[in-house]
Structures are given as C-alpha cells and as structure tokens.
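The next block holds one structure in the form of structure tokens; read it before the comments.
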Amino acid sequence: MKLPLGLRALLLAAQLLAAQLLAALFLAALFLATFLAPPPITADADIAAAAHASAADATDAVLSGPTDAGYSAIAARAAISSGRGSPRAGPVPGSAWSWPLSPRPAVLRAFDPPAKPWLSGHRGVDLEAPFDGAPLKSPAAGTVSFVGTVVDRPVITIDHGNGLRSSFEPVASSLRAGSAVAEGDVLGQVQTGHCGPAPPCLHWGVRRGEDYVNPLAFVMDLRPSVLLPPLNPGP
C-alpha cells in the first residue's frame with residue numbers, strides 16, 4: 001500500500017533522527033573508552049641499557065637483565081633508548097638499610113650520575129674497605145640475581161624486590177644466583193683493584209626500576225638541614 005506523501009516524509013525524518021542518535025551514542029562510547037579508561041598497570045621493568053665510560057658503569061648496565069650481552073650491545077641500545085627514567089631520580093626506600101661494610105666506611109667517590117643516560121658519570125658510590133678481603137654484608141634482604149665476572153671484575157647483584165637492585169664490585173663470592181639473603185648476611189669479600197692498589201674499596205650501585213639512585217639515601221638522611229630559631233630568643 002502506498003503511503004501518503006506526508007507520512008513517508010515523517011518516517012524518513014524519524015529514520016534519519018534514529019541514525020544520528022546511534023552515531024552520537026557510538027561517539028560518546030568511543031570517547032569514554034579512550035579518554036576516561038584507567039591507565040594500564042605495569043610492573044617495574046629491568047633497567048634499560050646505557051653506555052658507560054667506566055667499567056663500574058658498564059657493570060651496572062650489563063647486570064640490568066638476562067638479555068644484555070656486553071658493552072657493545074649496551075652502547076647500541078643506548079643510541080635508540082626511549083629515554084624513560086631519570087638517572088638523577090631519588091630513591092624511595094621502604095625502610096632503612098644497613099651499611100654494606102663495617103665499621104661505617106668513608107665515601108671515596110660520591111654518586112654523580114650524568115645528565116643524559118648515554119654520557120659518562122658515576123652511577124654509584126665508592127666506599128673505603130677496612131682491608132683487602134673485608135666482608136661485604138647485604139644492606140637489605142633479597143635474592144642473589146647474579147654472581148660472576150663482568151668486564152674484568154667479580155660482581156654480585158642482589159634483588160631486594162620492589163624494583164630495587166644492589167650491585168657490588170669487586171667482590172669474590174661463593175654464593176649462587178637464586179640464593180636468599182637476609183640483611184647483614186655476608187655476601188663475599190671485597191677485592192682490590194677498583195680504586196687502585198690501595199686503599200681497597202667497594203663500588204656500590206643501586207637501581208630502582210629504570211633509574212640509578214643514590215645508595216647513600218638508603219643508609220643516611222640526605223635531606224638538607226633546617227636551622228630553627230632558638231627556644232628563648234634574647235631581647
């Protein structure tokens with residue numbers, strides 16, 4: 001049956017309105033899914049490789065993950081690094097750690113990371129050992145993730161969890177990867193060679209996620225001092 005012209009125009013207008021409403025609903029759903037969805041939760045990744053001028057820095061990068069083969073691979077990947085993470089980012093320790101050497105060691109070289117990941121710098125601290133063969137103690141509980149020689153120095157790395165890793169060199173150790181250690185457990189013995197024949201010293205590097213952080217922040221309060229006014233100021 002042929003519908004009157006006015007009724008056909010009304011039905012056509014209703015169809016167009018329904019199509020426009022469906023399109024508006026689709027665009028609204030797309031907007032909500034794109035802009036209001038929560039960001040994905042990702043776990044802390046191992047540290048991205050970076051090119052280092054010193055053997056200590058090369059050690060830290062080589063130990064960042066099982067796929068790192070050596071210094072040449074580090075330099076190649078550093079050239080195309082996404083740049084995520086800042087080498088000067090500060091640590092957020094969950095609790096205080098212990099000094100890895102006893103008595104409390106002198107700091108022979110401070111933490112001095114480069115402005116850019118591919119530049120040279122000092123991505124850890126050098127601590128004076130009391131004597132050759134001094135025992136190295138774990139500053140916090142964790143699991144041994146690496147024991148072996150990197151470049152030409154014996155290295156041990158401890159995974160403390162929460163994305164935190166400590167690496168020490170040169171250290172002779174009889175532990176094996178996978179060994180659980182408690183805070184204060186002896187990890188090995190400090191060897192000479194990092195700071196020259198004398199004094200013997202220990203290089204300690206700490207990474208949190210993709211950032212090199214200052215190891216001293218875990219054993220010292222590095223916040224700036226604030227001078228308070230006297231309790232009873234004079235006239």
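Residues are referred to by chain and number: the chain letter is A, B, ... according to the order shown in the structure tokens, the number counts from 1 in that chain, and ligands are numbered separately from 1 in the order shown.
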- Name all residues at most 8 Å from A:Val181 (count only C-alpha atoms; drop same-chain ones fewer than 3 positions away) and give them as a VMD selection string. chain A and resid 138 141 to 144 185
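Every protein, DNA or RNA residue with an atom at most 12 Å from A:Val147, where only C-alpha atoms count and chain neighbours fewer than 3 positions away do not, is listed here: A:Thr59, A:Leu63, A:Thr143, A:Val144, A:Val150, A:Arg153, A:Pro154, A:Val155, A:Ile156, A:Thr157, A:Ile158, A:Asp159, A:Ser167, A:Phe168, A:Glu169, A:Pro170, A:Val171, A:Ala172, A:Ser173, A:Ser174, A:Leu175, A:Arg176, A:Ala177, A:Gly178, A:Ser179, A:Leu187, A:Gly188.
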So that I have them on file, write out the residues from the current selection with N, CA, C and O atoms, as a tab-separated table (two decimals), in the first residue's frame.
chain	number	residue	atom	x	y	z
A	59	THR	N	79.40	-2.38	34.30
A	59	THR	CA	78.93	-3.48	35.11
A	59	THR	C	77.47	-3.30	35.47
A	59	THR	O	76.66	-4.22	35.34
A	63	LEU	N	74.36	-5.93	34.12
A	63	LEU	CA	73.57	-6.71	35.06
A	63	LEU	C	72.11	-6.32	35.07
A	63	LEU	O	71.34	-6.81	35.88
A	143	THR	N	67.43	-11.50	47.12
A	143	THR	CA	67.82	-12.73	46.43
A	143	THR	C	68.98	-12.43	45.50
A	143	THR	O	68.95	-11.43	44.78
A	144	VAL	N	69.98	-13.29	45.51
A	144	VAL	CA	71.11	-13.12	44.61
A	144	VAL	C	70.62	-13.33	43.18
A	144	VAL	O	70.07	-14.38	42.85
A	150	VAL	N	82.22	-9.49	35.25
A	150	VAL	CA	81.76	-8.56	34.23
A	150	VAL	C	82.93	-7.65	33.88
A	150	VAL	O	83.57	-7.08	34.77
A	153	ARG	N	86.02	-7.76	36.39
A	153	ARG	CA	85.87	-7.67	37.84
A	153	ARG	C	84.77	-8.60	38.34
A	153	ARG	O	83.73	-8.75	37.69
A	154	PRO	N	84.99	-9.23	39.50
A	154	PRO	CA	83.95	-10.08	40.08
A	154	PRO	C	82.83	-9.23	40.67
A	154	PRO	O	83.07	-8.26	41.37
A	155	VAL	N	81.60	-9.60	40.35
A	155	VAL	CA	80.42	-8.79	40.70
A	155	VAL	C	79.37	-9.69	41.33
A	155	VAL	O	79.23	-10.86	40.98
A	156	ILE	N	78.61	-9.10	42.27
A	156	ILE	CA	77.43	-9.77	42.81
A	156	ILE	C	76.29	-8.77	42.84
A	156	ILE	O	76.49	-7.59	43.15
A	157	THR	N	75.10	-9.22	42.45
A	157	THR	CA	73.92	-8.37	42.42
A	157	THR	C	72.83	-8.99	43.27
A	157	THR	O	72.59	-10.20	43.20
A	158	ILE	N	72.16	-8.15	44.07
A	158	ILE	CA	71.09	-8.59	44.94
A	158	ILE	C	69.79	-7.90	44.52
A	158	ILE	O	69.75	-6.67	44.36
A	159	ASP	N	68.76	-8.69	44.31
A	159	ASP	CA	67.43	-8.16	44.01
A	159	ASP	C	66.67	-8.05	45.33
A	159	ASP	O	66.36	-9.04	45.98
A	167	SER	N	74.22	-3.68	43.27
A	167	SER	CA	75.34	-4.40	42.66
A	167	SER	C	76.63	-3.95	43.32
A	167	SER	O	76.79	-2.76	43.63
A	168	PHE	N	77.53	-4.90	43.55
A	168	PHE	CA	78.78	-4.63	44.25
A	168	PHE	C	79.94	-5.20	43.44
A	168	PHE	O	79.86	-6.29	42.88
A	169	GLU	N	81.05	-4.45	43.44
A	169	GLU	CA	82.28	-4.93	42.81
A	169	GLU	C	83.48	-4.20	43.39
A	169	GLU	O	83.32	-3.07	43.89
A	170	PRO	N	84.65	-4.76	43.35
A	170	PRO	CA	84.94	-6.16	43.05
A	170	PRO	C	84.76	-7.01	44.31
A	170	PRO	O	85.29	-6.68	45.38
A	171	VAL	N	84.01	-8.07	44.19
A	171	VAL	CA	83.67	-8.91	45.33
A	171	VAL	C	83.79	-10.38	44.93
A	171	VAL	O	83.17	-10.80	43.94
A	172	ALA	N	84.57	-11.14	45.68
A	172	ALA	CA	84.65	-12.58	45.48
A	172	ALA	C	83.58	-13.23	46.35
A	172	ALA	O	83.51	-12.98	47.55
A	173	SER	N	82.73	-14.04	45.72
A	173	SER	CA	81.62	-14.65	46.46
A	173	SER	C	81.44	-16.10	46.06
A	173	SER	O	81.64	-16.47	44.90
A	174	SER	N	81.04	-16.90	47.03
A	174	SER	CA	80.75	-18.32	46.77
A	174	SER	C	79.25	-18.56	46.64
A	174	SER	O	78.84	-19.70	46.44
A	175	LEU	N	78.45	-17.50	46.74
A	175	LEU	CA	77.00	-17.65	46.60
A	175	LEU	C	76.62	-17.90	45.15
A	175	LEU	O	77.40	-17.63	44.23
A	176	ARG	N	75.43	-18.38	44.96
A	176	ARG	CA	74.93	-18.65	43.62
A	176	ARG	C	73.64	-17.87	43.37
A	176	ARG	O	72.93	-17.51	44.32
A	177	ALA	N	73.34	-17.62	42.12
A	177	ALA	CA	72.10	-16.93	41.77
A	177	ALA	C	70.92	-17.73	42.30
A	177	ALA	O	70.87	-18.96	42.17
A	178	GLY	N	69.97	-17.04	42.89
A	178	GLY	CA	68.81	-17.69	43.48
A	178	GLY	C	68.89	-17.85	44.98
A	178	GLY	O	67.89	-18.18	45.62
A	179	SER	N	70.09	-17.61	45.55
A	179	SER	CA	70.25	-17.74	46.99
A	179	SER	C	69.54	-16.59	47.71
A	179	SER	O	69.70	-15.44	47.33
A	187	LEU	N	77.98	-11.52	51.92
A	187	LEU	CA	77.84	-11.85	50.50
A	187	LEU	C	79.15	-12.30	49.88
A	187	LEU	O	79.15	-13.01	48.87
A	188	GLY	N	80.28	-11.86	50.43
A	188	GLY	CA	81.58	-12.18	49.88
A	188	GLY	C	82.64	-11.30	50.49
A	188	GLY	O	82.43	-10.67	51.53
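Residues in contact range of A:Asn214, defined as at most 8 Å between only C-alpha atoms, with sequence neighbours fewer than 3 positions away removed, read Gly90, Pro91, Phe111, Arg123, Gly124, Val125, Gly205, Val206, Ala217 and Phe218 of chain A.
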- Item | atom CA of A:Glu183 to atom CA of A:Pro139, straight-line distance in Å | 5.5 Å
- Task: With a distance cut-off of 12 Å and only C-alpha atoms, select the neighbouring residues of A:Phe131, excluding the residue or stretch itself and same-chain residues fewer than 6 positions from it, and output the selection as a list in words.
- Result: Leu101, Ser102, Pro103, Pro105, Gln189, Val190, Gln191, Thr192, Pro197, Ala198, Pro199, Pro200, Cys201 and Leu202 of chain A
Please, could you write that set of residues out with N, CA and C atoms as a PDB file, in the first residue's frame?
ATOM      1  N   LEU A 101      79.505  -2.297  54.633  1.00  0.00           N
ATOM      2  CA  LEU A 101      80.823  -2.517  55.226  1.00  0.00           C
ATOM      3  C   LEU A 101      80.797  -2.062  56.684  1.00  0.00           C
ATOM      4  N   SER A 102      81.634  -2.722  57.490  1.00  0.00           N
ATOM      5  CA  SER A 102      81.741  -2.370  58.901  1.00  0.00           C
ATOM      6  C   SER A 102      83.218  -2.298  59.284  1.00  0.00           C
ATOM      7  N   PRO A 103      83.616  -1.238  60.034  1.00  0.00           N
ATOM      8  CA  PRO A 103      82.805  -0.123  60.525  1.00  0.00           C
ATOM      9  C   PRO A 103      82.315   0.761  59.375  1.00  0.00           C
ATOM     10  N   PRO A 105      81.996   2.963  56.514  1.00  0.00           N
ATOM     11  CA  PRO A 105      83.120   3.322  55.644  1.00  0.00           C
ATOM     12  C   PRO A 105      83.111   4.794  55.241  1.00  0.00           C
ATOM     13  N   GLN A 189      83.786 -11.240  49.817  1.00  0.00           N
ATOM     14  CA  GLN A 189      84.923 -10.470  50.313  1.00  0.00           C
ATOM     15  C   GLN A 189      85.337  -9.430  49.272  1.00  0.00           C
ATOM     16  N   VAL A 190      85.565  -8.211  49.748  1.00  0.00           N
ATOM     17  CA  VAL A 190      85.977  -7.121  48.870  1.00  0.00           C
ATOM     18  C   VAL A 190      87.401  -7.374  48.380  1.00  0.00           C
ATOM     19  N   GLN A 191      87.621  -7.180  47.094  1.00  0.00           N
ATOM     20  CA  GLN A 191      88.931  -7.370  46.483  1.00  0.00           C
ATOM     21  C   GLN A 191      89.544  -6.020  46.109  1.00  0.00           C
ATOM     22  N   THR A 192      90.839  -5.987  45.944  1.00  0.00           N
ATOM     23  CA  THR A 192      91.500  -4.765  45.485  1.00  0.00           C
ATOM     24  C   THR A 192      91.336  -4.626  43.973  1.00  0.00           C
ATOM     25  N   PRO A 197      95.712   0.014  43.788  1.00  0.00           N
ATOM     26  CA  PRO A 197      96.264  -0.944  44.751  1.00  0.00           C
ATOM     27  C   PRO A 197      95.816  -0.662  46.178  1.00  0.00           C
ATOM     28  N   ALA A 198      95.692   0.607  46.533  1.00  0.00           N
ATOM     29  CA  ALA A 198      95.306   0.988  47.896  1.00  0.00           C
ATOM     30  C   ALA A 198      94.607   2.341  47.841  1.00  0.00           C
ATOM     31  N   PRO A 199      93.640   2.563  48.705  1.00  0.00           N
ATOM     32  CA  PRO A 199      93.073   1.574  49.626  1.00  0.00           C
ATOM     33  C   PRO A 199      92.083   0.673  48.891  1.00  0.00           C
ATOM     34  N   PRO A 200      91.798  -0.513  49.445  1.00  0.00           N
ATOM     35  CA  PRO A 200      90.753  -1.330  48.827  1.00  0.00           C
ATOM     36  C   PRO A 200      89.410  -0.630  48.961  1.00  0.00           C
ATOM     37  N   CYS A 201      88.607  -0.693  47.934  1.00  0.00           N
ATOM     38  CA  CYS A 201      87.312  -0.014  48.002  1.00  0.00           C
ATOM     39  C   CYS A 201      86.255  -0.824  47.283  1.00  0.00           C
ATOM     40  N   LEU A 202      85.021  -0.516  47.606  1.00  0.00           N
ATOM     41  CA  LEU A 202      83.858  -1.218  47.085  1.00  0.00           C
ATOM     42  C   LEU A 202      82.999  -0.254  46.278  1.00  0.00           C
TER      43      LEU A 202
END
- Item | Pairwise distance for atom CA of A:Asp221 and atom CA of A:His194, rounded to one decimal in Å | 26.7 Å
- Nearest to A:Arg207 by atom-to-atom distance, counting only C-alpha atoms, from A:Arg165, A:Arg104, A:His160, A:His122: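 The answer is A:Arg165, which sits nearest to A:Arg207.
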- Message: So that I can check the secondary structure, give me every residue of stretch 101-228 of chain A assigned strand (DSSP E or B) by backbone DSSP, as a ChimeraX atom specification.
- Response: /A:107-109,112,122,125-128,135-137,142-150,153-161,164-169,171-172,180-181,186-190,201-208,211-213
Selection file, C-alpha atoms, as an mmCIF file, in the first residue's frame:
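Listing of again39.cif after writing:
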data_model
loop_
_atom_site.group_PDB
_atom_site.id
_atom_site.type_symbol
_atom_site.label_atom_id
_atom_site.label_comp_id
_atom_site.auth_asym_id
_atom_site.auth_seq_id
_atom_site.Cartn_x
_atom_site.Cartn_y
_atom_site.Cartn_z
ATOM 1 C CA VAL A 107 82.935 7.626 50.907
ATOM 2 C CA LEU A 108 85.830 7.900 48.467
ATOM 3 C CA ARG A 109 83.707 8.905 45.467
ATOM 4 C CA ASP A 112 77.398 11.624 40.337
ATOM 5 C CA HIS A 122 79.399 7.736 38.434
ATOM 6 C CA VAL A 125 79.363 5.258 45.303
ATOM 7 C CA ASP A 126 82.866 4.041 46.157
ATOM 8 C CA LEU A 127 83.287 3.030 49.798
ATOM 9 C CA GLU A 128 86.637 2.503 51.518
ATOM 10 C CA PRO A 135 83.438 -8.972 54.382
ATOM 11 C CA LEU A 136 80.641 -7.463 52.317
ATOM 12 C CA LYS A 137 77.254 -7.614 54.048
ATOM 13 C CA GLY A 142 66.831 -10.083 48.948
ATOM 14 C CA THR A 143 67.824 -12.729 46.431
ATOM 15 C CA VAL A 144 71.113 -13.123 44.610
ATOM 16 C CA SER A 145 70.361 -12.436 40.942
ATOM 17 C CA PHE A 146 73.909 -12.546 39.539
ATOM 18 C CA VAL A 147 77.369 -13.738 40.575
ATOM 19 C CA GLY A 148 80.215 -13.669 38.091
ATOM 20 C CA THR A 149 82.776 -11.627 36.222
ATOM 21 C CA VAL A 150 81.763 -8.556 34.226
ATOM 22 C CA ARG A 153 85.866 -7.671 37.845
ATOM 23 C CA PRO A 154 83.948 -10.076 40.081
ATOM 24 C CA VAL A 155 80.422 -8.793 40.701
ATOM 25 C CA ILE A 156 77.434 -9.774 42.812
ATOM 26 C CA THR A 157 73.924 -8.365 42.424
ATOM 27 C CA ILE A 158 71.086 -8.588 44.945
ATOM 28 C CA ASP A 159 67.432 -8.158 44.006
ATOM 29 C CA HIS A 160 65.692 -6.571 47.003
ATOM 30 C CA GLY A 161 62.226 -6.610 45.459
ATOM 31 C CA LEU A 164 65.360 -2.300 43.773
ATOM 32 C CA ARG A 165 68.722 -3.907 42.958
ATOM 33 C CA SER A 166 72.154 -3.520 44.516
ATOM 34 C CA SER A 167 75.337 -4.399 42.657
ATOM 35 C CA PHE A 168 78.777 -4.630 44.250
ATOM 36 C CA GLU A 169 82.279 -4.933 42.808
ATOM 37 C CA VAL A 171 83.666 -8.913 45.334
ATOM 38 C CA ALA A 172 84.654 -12.583 45.484
ATOM 39 C CA ALA A 180 68.120 -15.885 49.548
ATOM 40 C CA VAL A 181 69.988 -13.490 51.822
ATOM 41 C CA VAL A 186 77.925 -11.926 54.299
ATOM 42 C CA LEU A 187 77.839 -11.849 50.505
ATOM 43 C CA GLY A 188 81.576 -12.183 49.880
ATOM 44 C CA GLN A 189 84.923 -10.470 50.313
ATOM 45 C CA VAL A 190 85.977 -7.121 48.870
ATOM 46 C CA CYS A 201 87.312 -0.014 48.002
ATOM 47 C CA LEU A 202 83.858 -1.218 47.085
ATOM 48 C CA HIS A 203 81.692 0.134 44.280
ATOM 49 C CA TRP A 204 78.023 0.031 45.275
ATOM 50 C CA GLY A 205 75.310 0.803 42.758
ATOM 51 C CA VAL A 206 71.545 0.814 43.349
ATOM 52 C CA ARG A 207 68.818 0.913 40.735
ATOM 53 C CA ARG A 208 65.102 1.384 41.195
ATOM 54 C CA ASP A 211 66.660 4.777 37.447
ATOM 55 C CA TYR A 212 70.077 4.864 39.044
ATOM 56 C CA VAL A 213 69.638 6.177 42.579
#
- Message: Between atom CA of A:Pro100 and atom CA of A:Gly133, what distance in Å does the model show, to one decimal?
- Response: 13.4 Å
- Query: Can you list, as a PyMOL selection string, every residue of stretch 79-223 of chain A that DSSP puts in helix (DSSP H, G or I)?
  - Reply: chain A and resi 79+215-218
